[in-house]
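Asker: Quick one: this structure, given as structure tokens, is what I'll be asking you about.
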Amino acid sequence: MTQTVTRAPAPPLDRPPSAIRLGLSRAAFETRLFFRERDAVIFTFSFPIVLLLIFGSIFADELEGTGLNVSQLYVAGLLGSAAMTGFQNLGIGIAMDRDDGTLKRLLGTPLPRSSYFVGRALNTLFVSFCQVVILLVIGVALFGLELPSEPSTWVTFVWVFVLGVLGSSLLGIAVSSLPRSGRSASAVITMPFVVLQFISGVYIPVTQLPSWLVNIASVFPLKWMCQGFRSVFLGDAGATLELARSYELDRVALVLGAWVVGGLLLCLTTFRWKSRRDG
Amino acid sequence: MTTAVRVRGLTKRYGDVQAVGGIDLDINAGEVFAILGPNGAGKSTTVEIMEGYRTRDAGEVSVLGIDPGRPTREWRSRIGVVLQTADDVAEATVRETVRQFAGYYPNAKDPDEVIEQVGLTDKAGTRIRRLSGGQRRRVDVALGVIGGPDLLFLDEPTTGFDPEARRQFWRLIESMAHQGTTIVLTTHYLDEAEALADRVAVVSGGRIVAEGDPATLGGRATAKARVGWAEEGGHRSHETDTPTRTVLELAGRFDGEVPELTVTRPSLEDVYLQLIETPS
Ligand SMILES: Nc1ncnc2c1ncn2[C@@H]1O[C@H](COP(=O)(O)OP(=O)(O)OP(=O)(O)O)[C@@H](O)[C@H]1O
Ligand SMILES: [Mg+2]
């Protein structure tokens, strides 16, 4: 006689929630909190817009026989700057999280560490994306910016944006360990960011900078992001304005890719979960 | 009885400060264990080593069978932590925060129930930044218990609580202890230790100077009693091993009611103050 053994169904396993799902949940949480700090939101979004309006209005001239005007150049530069928001956002935000006990509290929960970073990264991607959209709308509406029509150009736009946001976010996470406290973070992180903007062709065309400054800027991702965005929005006509008389997209990809890898390594080796006073 | 926390020869030094100078502890599963001691005694350092936050210089530590120096995710989900200080998540509301944290644990409790248990139901929709200090602290307690821990660490949890909130907190701890949660808390309130703890340890200068049942700590139960009364316009008192006999004598002498009669034994506070005055 065969016996059928009916096994009681196994009790539901209390599976811990997956790291990806928790990362998404953190991203939603952080984004909601981000939009609650109204002053920070207004500042973050209005800064590039105000700059675009000012620069675009001051320099309305045409660029030497290219059919392009200076304000279009600024749109491209400020797009680079917007894609680099992650540097500032994460550099300051994580330093504050470390200082006010957010990181310490999370460390005491089963939340996977990677979920915290996924949350932060998605939040940054979202904020940068909003900035880019706003800049494009203003550029098209007020400054005669023409959106590219070819899909291949949009592909360039996407990879420059994604690699740029990733690289600068990782760099931001790495520098978040530099400020001694959350309160000093804003000053410590903003200074290099502003300097980088000035030497990377956001406000002043790279062609007007001394070569040693350009050499320094070439080490960092911002110059290459701006260059990539110029290739998208100024097209072939603008290539003659470049130092190399071309947009060097292969080098753009190389440097931005290197920053993603290097930034990741930097984060893995230098990241501190605890503040200096945590013992 | 199983041991939830086992500590042997624990030491930790910061520069020239010996924060912990050789601590041995055994905390049984299901027990409420209180750590008392003056400011700077090394309570937080000890507790945060057990929680896996701080590294130790020497000694063995085992918490739920795991070395907290190498925490796992599964271990983290069985442990609840209320730190001594925190001022994060200020822009989120109480409910959002408790819900968010509930999502991190495999066996989380119901967020609304926990909010109710810490007495924040009225404030559930309020941003944490707008809460009072004691209400803010209750959020910390809620986040410590939300995961339904087997072992709960609380570092001075009731700082800033009003008397009613403190009683409510005691009830929460009692009910969790009743359901089998092991509880380790530090406190400066001796009545709290007395009301909650099965055992207390008094830490001073990074060492344990006394350990035991709060009712008998430092020979408290067998110490002389003090009988006090009023006579001839002044206050009189008498220390004795046989207070009942003294009271009977007084009752005879006054022929009935003894004016302003009191019989006291040393409070936990008296014993405690004596213990930390003369570190062994
Ligand atoms: N991160 C740190 N860096 C340097 N010294 C520290 C650090 N943390 C604690 N100490 C020192 O170690 C000693 C014990 O501190 P701890 O915080 O453990 O005391 P405590 O018993 O919790 O006191 P309290 O009742 O005030 O909370 C103190 O002398 C303190 O100054
Ligand atoms: Mg302490």
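Quick note on naming: the chains in the structure tokens go A, B, ... in the order shown, residues restart at 1 in each chain, and ligands are numbered from 1 in order of appearance.
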Excluding same-chain residues fewer than 2 positions from Pro48 in chain A, what lies within 9 Å of it counting only C-alpha atoms, as a VMD selection string?
Answerer: chain A and resid 44 to 46 50 to 53 78 to 79 81 to 82 131 135
Asker: Give me, as a ChimeraX atom specification, the residues of chain A touching chain B, with the criterion being at most 9 Å (counting only C-alpha atoms).
Answerer: /A:14-17,22,25-26,29,32-34,36-37,97,99-112,274,278-279
Asker: What would the file look like if the residues just selected were written as a CSV table (one decimal), in the first residue's frame with N, CA, C and O atoms?
Answerer:
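Everything below was put into result-v8.csv:
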chain,number,residue,atom,x,y,z
A,14,ASP,N,9.7,34.3,6.8
A,14,ASP,CA,9.8,35.8,6.9
A,14,ASP,C,11.0,36.3,6.1
A,14,ASP,O,12.0,36.6,6.7
A,15,ARG,N,10.7,36.3,4.8
A,15,ARG,CA,11.8,36.8,4.0
A,15,ARG,C,12.0,38.3,4.2
A,15,ARG,O,11.1,39.1,4.1
A,16,PRO,N,13.3,38.7,4.3
A,16,PRO,CA,13.5,40.1,4.4
A,16,PRO,C,13.2,40.8,3.1
A,16,PRO,O,13.4,40.2,2.0
A,17,PRO,N,12.7,42.0,3.1
A,17,PRO,CA,12.4,42.7,1.9
A,17,PRO,C,13.6,42.9,1.0
A,17,PRO,O,14.7,43.0,1.6
A,22,LEU,N,13.7,48.0,-1.2
A,22,LEU,CA,13.9,49.0,-0.1
A,22,LEU,C,14.6,50.2,-0.7
A,22,LEU,O,14.3,51.3,-0.2
A,25,SER,N,11.9,52.3,-2.1
A,25,SER,CA,11.1,52.9,-1.0
A,25,SER,C,11.9,54.1,-0.4
A,25,SER,O,11.3,55.1,0.0
A,26,ARG,N,13.2,53.9,-0.2
A,26,ARG,CA,14.0,55.0,0.3
A,26,ARG,C,14.0,56.2,-0.7
A,26,ARG,O,14.0,57.4,-0.3
A,29,PHE,N,10.8,58.0,-0.3
A,29,PHE,CA,10.9,58.7,1.0
A,29,PHE,C,11.7,60.0,1.0
A,29,PHE,O,11.3,61.1,1.3
A,32,ARG,N,10.2,62.7,-1.2
A,32,ARG,CA,9.2,63.4,-0.6
A,32,ARG,C,9.7,64.4,0.4
A,32,ARG,O,9.3,65.6,0.5
A,33,LEU,N,10.7,64.0,1.2
A,33,LEU,CA,11.3,64.9,2.2
A,33,LEU,C,12.0,66.0,1.5
A,33,LEU,O,12.0,67.2,2.0
A,34,PHE,N,12.7,65.7,0.4
A,34,PHE,CA,13.4,66.8,-0.4
A,34,PHE,C,12.5,67.9,-0.8
A,34,PHE,O,12.8,69.1,-0.6
A,36,ARG,N,9.9,68.8,0.7
A,36,ARG,CA,9.3,69.5,1.8
A,36,ARG,C,10.2,70.6,2.3
A,36,ARG,O,9.8,71.6,3.0
A,37,GLU,N,11.5,70.5,2.0
A,37,GLU,CA,12.4,71.6,2.4
A,37,GLU,C,12.3,72.7,1.4
A,37,GLU,O,13.1,72.8,0.4
A,97,ASP,N,23.4,63.8,6.8
A,97,ASP,CA,22.8,62.5,7.3
A,97,ASP,C,23.8,61.9,8.4
A,97,ASP,O,23.3,61.2,9.3
A,99,ASP,N,25.9,63.5,10.2
A,99,ASP,CA,26.0,64.4,11.4
A,99,ASP,C,24.7,64.3,12.3
A,99,ASP,O,24.8,64.3,13.5
A,100,ASP,N,23.5,64.2,11.7
A,100,ASP,CA,22.3,64.3,12.5
A,100,ASP,C,21.8,62.9,13.0
A,100,ASP,O,20.8,62.8,13.6
A,101,GLY,N,22.6,61.9,12.6
A,101,GLY,CA,22.2,60.6,13.1
A,101,GLY,C,21.4,59.7,12.2
A,101,GLY,O,21.1,58.6,12.5
A,102,THR,N,21.1,60.2,11.0
A,102,THR,CA,20.3,59.4,10.0
A,102,THR,C,21.1,58.1,9.7
A,102,THR,O,20.5,57.0,9.8
A,103,LEU,N,22.3,58.3,9.4
A,103,LEU,CA,23.1,57.1,9.0
A,103,LEU,C,23.2,56.2,10.1
A,103,LEU,O,23.1,54.9,10.0
A,104,LYS,N,23.5,56.7,11.3
A,104,LYS,CA,23.7,55.9,12.5
A,104,LYS,C,22.4,55.1,12.8
A,104,LYS,O,22.4,53.9,13.1
A,105,ARG,N,21.2,55.7,12.7
A,105,ARG,CA,20.0,55.1,12.9
A,105,ARG,C,19.8,53.9,11.9
A,105,ARG,O,19.4,52.8,12.2
A,106,LEU,N,20.0,54.2,10.6
A,106,LEU,CA,19.8,53.2,9.6
A,106,LEU,C,20.8,52.1,9.8
A,106,LEU,O,20.4,50.9,9.5
A,107,LEU,N,22.0,52.3,10.2
A,107,LEU,CA,23.0,51.3,10.5
A,107,LEU,C,22.4,50.3,11.5
A,107,LEU,O,22.8,49.1,11.5
A,108,GLY,N,21.6,50.8,12.4
A,108,GLY,CA,21.0,49.9,13.4
A,108,GLY,C,19.8,49.1,13.0
A,108,GLY,O,19.3,48.3,13.7
A,109,THR,N,19.4,49.2,11.7
A,109,THR,CA,18.3,48.5,11.2
A,109,THR,C,18.8,47.5,10.2
A,109,THR,O,20.0,47.6,9.7
A,110,PRO,N,18.0,46.5,9.8
A,110,PRO,CA,18.4,45.5,8.8
A,110,PRO,C,18.4,46.1,7.4
A,110,PRO,O,18.7,45.4,6.4
A,111,LEU,N,18.2,47.4,7.2
A,111,LEU,CA,18.2,48.0,5.8
A,111,LEU,C,19.6,47.7,5.2
A,111,LEU,O,20.6,48.1,5.8
A,112,PRO,N,19.6,47.1,4.0
A,112,PRO,CA,21.0,46.9,3.4
A,112,PRO,C,21.6,48.2,3.1
A,112,PRO,O,20.9,49.2,2.7
A,274,LYS,N,30.0,56.5,10.2
A,274,LYS,CA,29.9,57.2,11.5
A,274,LYS,C,30.6,58.5,11.4
A,274,LYS,O,31.5,58.8,10.7
A,278,ASP,N,31.3,59.7,16.9
A,278,ASP,CA,30.6,58.5,17.2
A,278,ASP,C,31.5,57.4,17.9
A,278,ASP,O,30.9,56.4,18.5
A,279,GLY,N,32.8,57.6,17.9
A,279,GLY,CA,33.6,56.6,18.6
A,279,GLY,C,33.7,55.3,17.8
A,279,GLY,O,33.3,54.3,18.3
Asker: Kindly provide, as a PyMOL selection string, all nucleotide and amino acid residues lying within 12 Å of ligand 2, counting only C-alpha atoms and all ligand atoms.
Answerer: (chain A and resi 278) or (chain B and resi 19+35-48+82-85+154-157+159+185-188+203+206)
Asker: Let's have the selection written as a CSV table (one decimal), in the first residue's frame, with N, CA, C and O atoms.
Answerer:
chain,number,residue,atom,x,y,z
A,278,ASP,N,31.3,59.7,16.9
A,278,ASP,CA,30.6,58.5,17.2
A,278,ASP,C,31.5,57.4,17.9
A,278,ASP,O,30.9,56.4,18.5
B,19,ALA,N,37.1,54.3,29.0
B,19,ALA,CA,35.6,54.4,29.0
B,19,ALA,C,35.0,53.2,29.7
B,19,ALA,O,34.1,53.2,30.4
B,35,ILE,N,21.0,49.2,33.4
B,35,ILE,CA,22.4,49.6,33.7
B,35,ILE,C,22.3,51.0,34.2
B,35,ILE,O,21.8,51.9,33.6
B,36,LEU,N,22.7,51.2,35.5
B,36,LEU,CA,22.8,52.5,36.1
B,36,LEU,C,24.2,53.0,36.2
B,36,LEU,O,25.1,52.2,36.1
B,37,GLY,N,24.3,54.3,36.4
B,37,GLY,CA,25.7,54.8,36.6
B,37,GLY,C,25.7,56.3,36.3
B,37,GLY,O,24.9,56.8,35.5
B,38,PRO,N,26.7,57.0,36.9
B,38,PRO,CA,26.7,58.5,36.7
B,38,PRO,C,27.1,58.8,35.3
B,38,PRO,O,27.6,58.0,34.5
B,39,ASN,N,27.0,60.1,34.9
B,39,ASN,CA,27.4,60.6,33.6
B,39,ASN,C,28.9,60.2,33.4
B,39,ASN,O,29.7,60.4,34.2
B,40,GLY,N,29.2,59.6,32.2
B,40,GLY,CA,30.5,59.3,31.8
B,40,GLY,C,31.0,58.0,32.4
B,40,GLY,O,32.2,57.6,32.3
B,41,ALA,N,30.1,57.2,33.0
B,41,ALA,CA,30.4,55.9,33.6
B,41,ALA,C,30.8,54.9,32.6
B,41,ALA,O,31.6,53.9,32.9
B,42,GLY,N,30.4,55.0,31.3
B,42,GLY,CA,30.7,54.1,30.3
B,42,GLY,C,29.4,53.2,29.9
B,42,GLY,O,29.6,52.2,29.2
B,43,LYS,N,28.3,53.7,30.3
B,43,LYS,CA,27.0,53.0,29.9
B,43,LYS,C,26.8,52.9,28.4
B,43,LYS,O,26.6,51.9,27.8
B,44,SER,N,26.8,54.1,27.8
B,44,SER,CA,26.5,54.2,26.4
B,44,SER,C,27.6,53.4,25.6
B,44,SER,O,27.3,52.7,24.6
B,45,THR,N,28.9,53.6,26.0
B,45,THR,CA,29.9,52.9,25.3
B,45,THR,C,29.7,51.4,25.3
B,45,THR,O,29.8,50.7,24.3
B,46,THR,N,29.4,50.9,26.5
B,46,THR,CA,29.1,49.4,26.6
B,46,THR,C,28.0,49.0,25.8
B,46,THR,O,28.1,48.0,25.0
B,47,VAL,N,26.9,49.7,25.9
B,47,VAL,CA,25.7,49.4,25.1
B,47,VAL,C,25.9,49.4,23.6
B,47,VAL,O,25.5,48.6,22.9
B,48,GLU,N,26.6,50.5,23.2
B,48,GLU,CA,26.8,50.6,21.8
B,48,GLU,C,27.8,49.6,21.2
B,48,GLU,O,27.8,49.3,20.0
B,82,VAL,N,17.4,51.9,20.6
B,82,VAL,CA,17.0,53.3,20.9
B,82,VAL,C,18.3,54.0,21.4
B,82,VAL,O,18.8,53.7,22.4
B,83,LEU,N,18.9,54.9,20.5
B,83,LEU,CA,20.1,55.5,20.9
B,83,LEU,C,19.9,56.7,21.8
B,83,LEU,O,18.8,57.2,22.0
B,84,GLN,N,21.0,57.1,22.5
B,84,GLN,CA,20.8,58.2,23.5
B,84,GLN,C,20.5,59.5,22.8
B,84,GLN,O,19.7,60.3,23.3
B,85,THR,N,21.1,59.8,21.6
B,85,THR,CA,20.7,61.0,20.9
B,85,THR,C,20.5,60.8,19.5
B,85,THR,O,21.1,60.0,18.8
B,154,LEU,N,17.8,50.1,25.0
B,154,LEU,CA,17.3,51.5,25.2
B,154,LEU,C,18.3,52.3,26.0
B,154,LEU,O,18.6,51.9,27.1
B,155,ASP,N,18.9,53.3,25.4
B,155,ASP,CA,19.9,54.1,26.1
B,155,ASP,C,19.2,55.4,26.6
B,155,ASP,O,18.9,56.3,25.8
B,156,GLU,N,18.9,55.5,27.9
B,156,GLU,CA,18.2,56.6,28.5
B,156,GLU,C,16.9,57.0,27.7
B,156,GLU,O,16.8,58.1,27.2
B,157,PRO,N,16.0,56.0,27.5
B,157,PRO,CA,14.9,56.2,26.7
B,157,PRO,C,13.9,57.2,27.1
B,157,PRO,O,13.2,57.9,26.3
B,159,THR,N,14.3,60.1,28.7
B,159,THR,CA,14.8,61.5,28.9
B,159,THR,C,13.7,62.5,28.4
B,159,THR,O,13.4,62.4,27.2
B,185,LEU,N,18.2,48.3,29.3
B,185,LEU,CA,18.1,49.7,29.3
B,185,LEU,C,19.1,50.4,30.2
B,185,LEU,O,19.4,49.9,31.3
B,186,THR,N,19.5,51.6,29.9
B,186,THR,CA,20.2,52.5,30.8
B,186,THR,C,19.3,53.6,31.3
B,186,THR,O,18.4,54.0,30.5
B,187,THR,N,19.5,54.0,32.5
B,187,THR,CA,18.6,55.1,33.0
B,187,THR,C,19.3,55.8,34.1
B,187,THR,O,20.2,55.3,34.8
B,188,HIS,N,18.9,57.1,34.3
B,188,HIS,CA,19.3,57.8,35.5
B,188,HIS,C,18.1,57.9,36.5
B,188,HIS,O,18.3,58.4,37.6
B,203,VAL,N,27.2,50.8,37.1
B,203,VAL,CA,28.5,51.0,36.5
B,203,VAL,C,29.1,52.3,37.0
B,203,VAL,O,28.4,53.3,37.1
B,206,GLY,N,33.7,52.9,34.4
B,206,GLY,CA,33.9,51.8,33.4
B,206,GLY,C,33.9,50.4,34.0
B,206,GLY,O,34.3,49.5,33.3
Asker: With distances taken over only C-alpha atoms, which of A:Gly93, A:Pro151, A:Gly257, A:Gly263 is nearest to Leu163 in chain A?
Answerer: A:Gly257
Asker: What parts of range 105-270 of chain A does DSSP call alpha helix (DSSP H)? I'd like the answer as a VMD selection string.
Answerer: chain A and resid 105 to 107 113 to 143 151 to 175 182 to 199 211 to 217 221 to 233 235 to 239 249 to 270
Asker: Just to be explicit: take each residue in the selection above, keep C-alpha atoms, and write the result as a tab-separated table (two decimals), in the first residue's frame.
Answerer:
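File out.tsv, as written:
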chain	number	residue	atom	x	y	z
A	105	ARG	CA	19.98	55.05	12.91
A	106	LEU	CA	19.84	53.23	9.56
A	107	LEU	CA	22.95	51.29	10.47
A	113	ARG	CA	23.57	49.60	3.00
A	114	SER	CA	23.20	49.44	-0.75
A	115	SER	CA	19.51	50.40	-0.43
A	116	TYR	CA	20.49	53.68	1.15
A	117	PHE	CA	22.71	54.48	-1.84
A	118	VAL	CA	20.14	53.31	-4.36
A	119	GLY	CA	17.63	55.63	-2.71
A	120	ARG	CA	20.04	58.53	-2.76
A	121	ALA	CA	21.10	57.88	-6.35
A	122	LEU	CA	17.55	57.65	-7.71
A	123	ASN	CA	16.59	60.78	-5.82
A	124	THR	CA	19.55	62.59	-7.42
A	125	LEU	CA	18.74	61.29	-10.87
A	126	PHE	CA	15.20	62.55	-10.46
A	127	VAL	CA	16.21	66.02	-9.24
A	128	SER	CA	18.79	66.39	-12.02
A	129	PHE	CA	16.25	65.26	-14.58
A	130	CYS	CA	13.74	67.89	-13.39
A	131	GLN	CA	16.40	70.58	-13.67
A	132	VAL	CA	17.35	69.51	-17.16
A	133	VAL	CA	13.73	69.56	-18.31
A	134	ILE	CA	13.19	73.04	-16.86
A	135	LEU	CA	16.35	74.34	-18.53
A	136	LEU	CA	15.37	72.85	-21.89
A	137	VAL	CA	11.88	74.34	-21.71
A	138	ILE	CA	13.24	77.80	-20.93
A	139	GLY	CA	15.98	77.46	-23.56
A	140	VAL	CA	13.46	76.54	-26.24
A	141	ALA	CA	10.84	79.07	-25.18
A	142	LEU	CA	13.03	82.11	-24.63
A	143	PHE	CA	16.41	81.62	-26.27
A	151	PRO	CA	17.56	59.83	-32.49
A	152	SER	CA	21.34	59.30	-32.48
A	153	THR	CA	21.79	62.75	-30.97
A	154	TRP	CA	19.31	61.92	-28.23
A	155	VAL	CA	21.25	58.75	-27.55
A	156	THR	CA	24.32	60.92	-27.01
A	157	PHE	CA	22.27	63.14	-24.72
A	158	VAL	CA	21.14	60.19	-22.62
A	159	TRP	CA	24.54	58.61	-22.14
A	160	VAL	CA	26.21	61.91	-21.35
A	161	PHE	CA	23.47	62.63	-18.82
A	162	VAL	CA	23.46	59.20	-17.17
A	163	LEU	CA	27.25	58.80	-17.04
A	164	GLY	CA	27.58	62.38	-15.87
A	165	VAL	CA	25.00	62.05	-13.08
A	166	LEU	CA	26.46	58.73	-11.96
A	167	GLY	CA	30.07	59.90	-11.95
A	168	SER	CA	29.36	63.16	-10.19
A	169	SER	CA	27.07	61.47	-7.68
A	170	LEU	CA	29.77	58.98	-6.78
A	171	LEU	CA	32.23	61.84	-6.49
A	172	GLY	CA	29.69	63.60	-4.23
A	173	ILE	CA	29.34	60.52	-2.02
A	174	ALA	CA	33.13	60.36	-1.74
A	175	VAL	CA	33.56	64.03	-0.81
A	182	GLY	CA	27.07	68.71	8.72
A	183	ARG	CA	27.09	72.44	9.30
A	184	SER	CA	30.37	72.98	7.50
A	185	ALA	CA	29.37	70.70	4.63
A	186	SER	CA	27.63	73.37	2.58
A	187	ALA	CA	30.71	75.61	2.51
A	188	VAL	CA	33.19	72.77	2.00
A	189	ILE	CA	31.30	71.22	-0.92
A	190	THR	CA	29.98	74.34	-2.66
A	191	MET	CA	33.35	76.02	-3.06
A	192	PRO	CA	34.99	73.39	-5.27
A	193	PHE	CA	31.74	73.03	-7.21
A	194	VAL	CA	31.60	76.74	-8.08
A	195	VAL	CA	35.30	76.79	-9.00
A	196	LEU	CA	34.79	73.76	-11.19
A	197	GLN	CA	31.90	75.47	-12.95
A	198	PHE	CA	34.06	78.48	-13.77
A	199	ILE	CA	36.94	76.46	-15.19
A	211	SER	CA	45.50	76.24	-20.86
A	212	TRP	CA	46.72	75.27	-17.39
A	213	LEU	CA	43.19	75.87	-16.04
A	214	VAL	CA	41.71	73.81	-18.84
A	215	ASN	CA	44.16	71.04	-18.00
A	216	ILE	CA	42.96	71.02	-14.41
A	217	ALA	CA	39.31	71.06	-15.49
A	221	PRO	CA	33.79	65.24	-15.27
A	222	LEU	CA	32.06	68.62	-15.60
A	223	LYS	CA	34.08	69.90	-18.59
A	224	TRP	CA	33.31	66.72	-20.50
A	225	MET	CA	29.64	66.80	-19.63
A	226	CYS	CA	29.35	70.37	-20.94
A	227	GLN	CA	31.22	69.35	-24.06
A	228	GLY	CA	28.87	66.42	-24.59
A	229	PHE	CA	25.81	68.63	-24.18
A	230	ARG	CA	27.22	71.21	-26.60
A	231	SER	CA	27.57	68.47	-29.19
A	232	VAL	CA	23.89	67.70	-28.70
A	233	PHE	CA	22.49	71.23	-28.76
A	235	GLY	CA	25.56	70.58	-33.48
A	236	ASP	CA	28.26	70.60	-36.15
A	237	ALA	CA	28.11	74.36	-36.54
A	238	GLY	CA	29.43	74.79	-33.00
A	239	ALA	CA	32.27	72.31	-33.30
A	249	LEU	CA	32.80	62.39	-27.94
A	250	ASP	CA	35.03	59.34	-27.55
A	251	ARG	CA	37.09	61.16	-24.93
A	252	VAL	CA	33.92	62.40	-23.24
A	253	ALA	CA	32.76	58.81	-22.87
A	254	LEU	CA	36.17	57.69	-21.70
A	255	VAL	CA	36.55	60.32	-18.97
A	256	LEU	CA	32.98	60.06	-17.72
A	257	GLY	CA	33.20	56.27	-17.68
A	258	ALA	CA	36.49	56.46	-15.81
A	259	TRP	CA	34.84	58.69	-13.21
A	260	VAL	CA	32.06	56.19	-12.65
A	261	VAL	CA	34.59	53.44	-11.99
A	262	GLY	CA	37.01	55.65	-10.08
A	263	GLY	CA	34.23	57.28	-8.08
A	264	LEU	CA	32.91	53.88	-7.08
A	265	LEU	CA	36.35	52.79	-5.91
A	266	LEU	CA	36.79	56.06	-4.04
A	267	CYS	CA	33.46	55.56	-2.28
A	268	LEU	CA	34.20	51.99	-1.35
A	269	THR	CA	37.54	52.93	0.17
A	270	THR	CA	36.74	56.21	1.90
Asker: What is the CA of Gly212 in chain B-CA of Val200 in chain B distance in Å, reported with one decimal?
Answerer: 5.5 Å
Asker: Residues of range 35-276 of chain B in strand (DSSP E or B) according to DSSP, as a ChimeraX atom specification?
Answerer: /B:35-36,58-63,66,79-82,93,127,151-155,182-186,199-204,207-212,225-231,234-240,262-264
Asker: Between atom 25 (O, counted along the ligand's line) of ligand 1 and CA of Tyr189 in chain B, measure the distance and give it in Å to one decimal.
Answerer: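 Distance between the two atoms: 11.0 Å.
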Asker: Just how far from CA of Phe33 in chain B is CA of Leu64 in chain B, in Å to one decimal?
Answerer: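 Computing the Euclidean distance for CA of Leu64 in chain B and CA of Phe33 in chain B yields 15.0 Å.
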Asker: For Gln117 in chain B, work out the shell of residues within 8 Å, counting only C-alpha atoms and skipping chain neighbours fewer than 2 positions away, then give it as an mmCIF file with C-alpha atoms, in the first residue's frame.
Answerer:
data_model
loop_
_atom_site.group_PDB
_atom_site.id
_atom_site.type_symbol
_atom_site.label_atom_id
_atom_site.label_comp_id
_atom_site.auth_asym_id
_atom_site.auth_seq_id
_atom_site.Cartn_x
_atom_site.Cartn_y
_atom_site.Cartn_z
ATOM 1 C CA GLU B 113 -0.398 50.196 16.919
ATOM 2 C CA VAL B 114 3.154 51.149 17.852
ATOM 3 C CA ILE B 115 2.323 54.849 17.494
ATOM 4 C CA GLY B 119 1.099 57.796 22.898
ATOM 5 C CA LEU B 120 1.574 59.664 19.626
ATOM 6 C CA GLN B 168 2.930 54.568 29.505
ATOM 7 C CA PHE B 169 6.467 53.662 28.456
ATOM 8 C CA LEU B 172 4.971 49.123 26.895
#
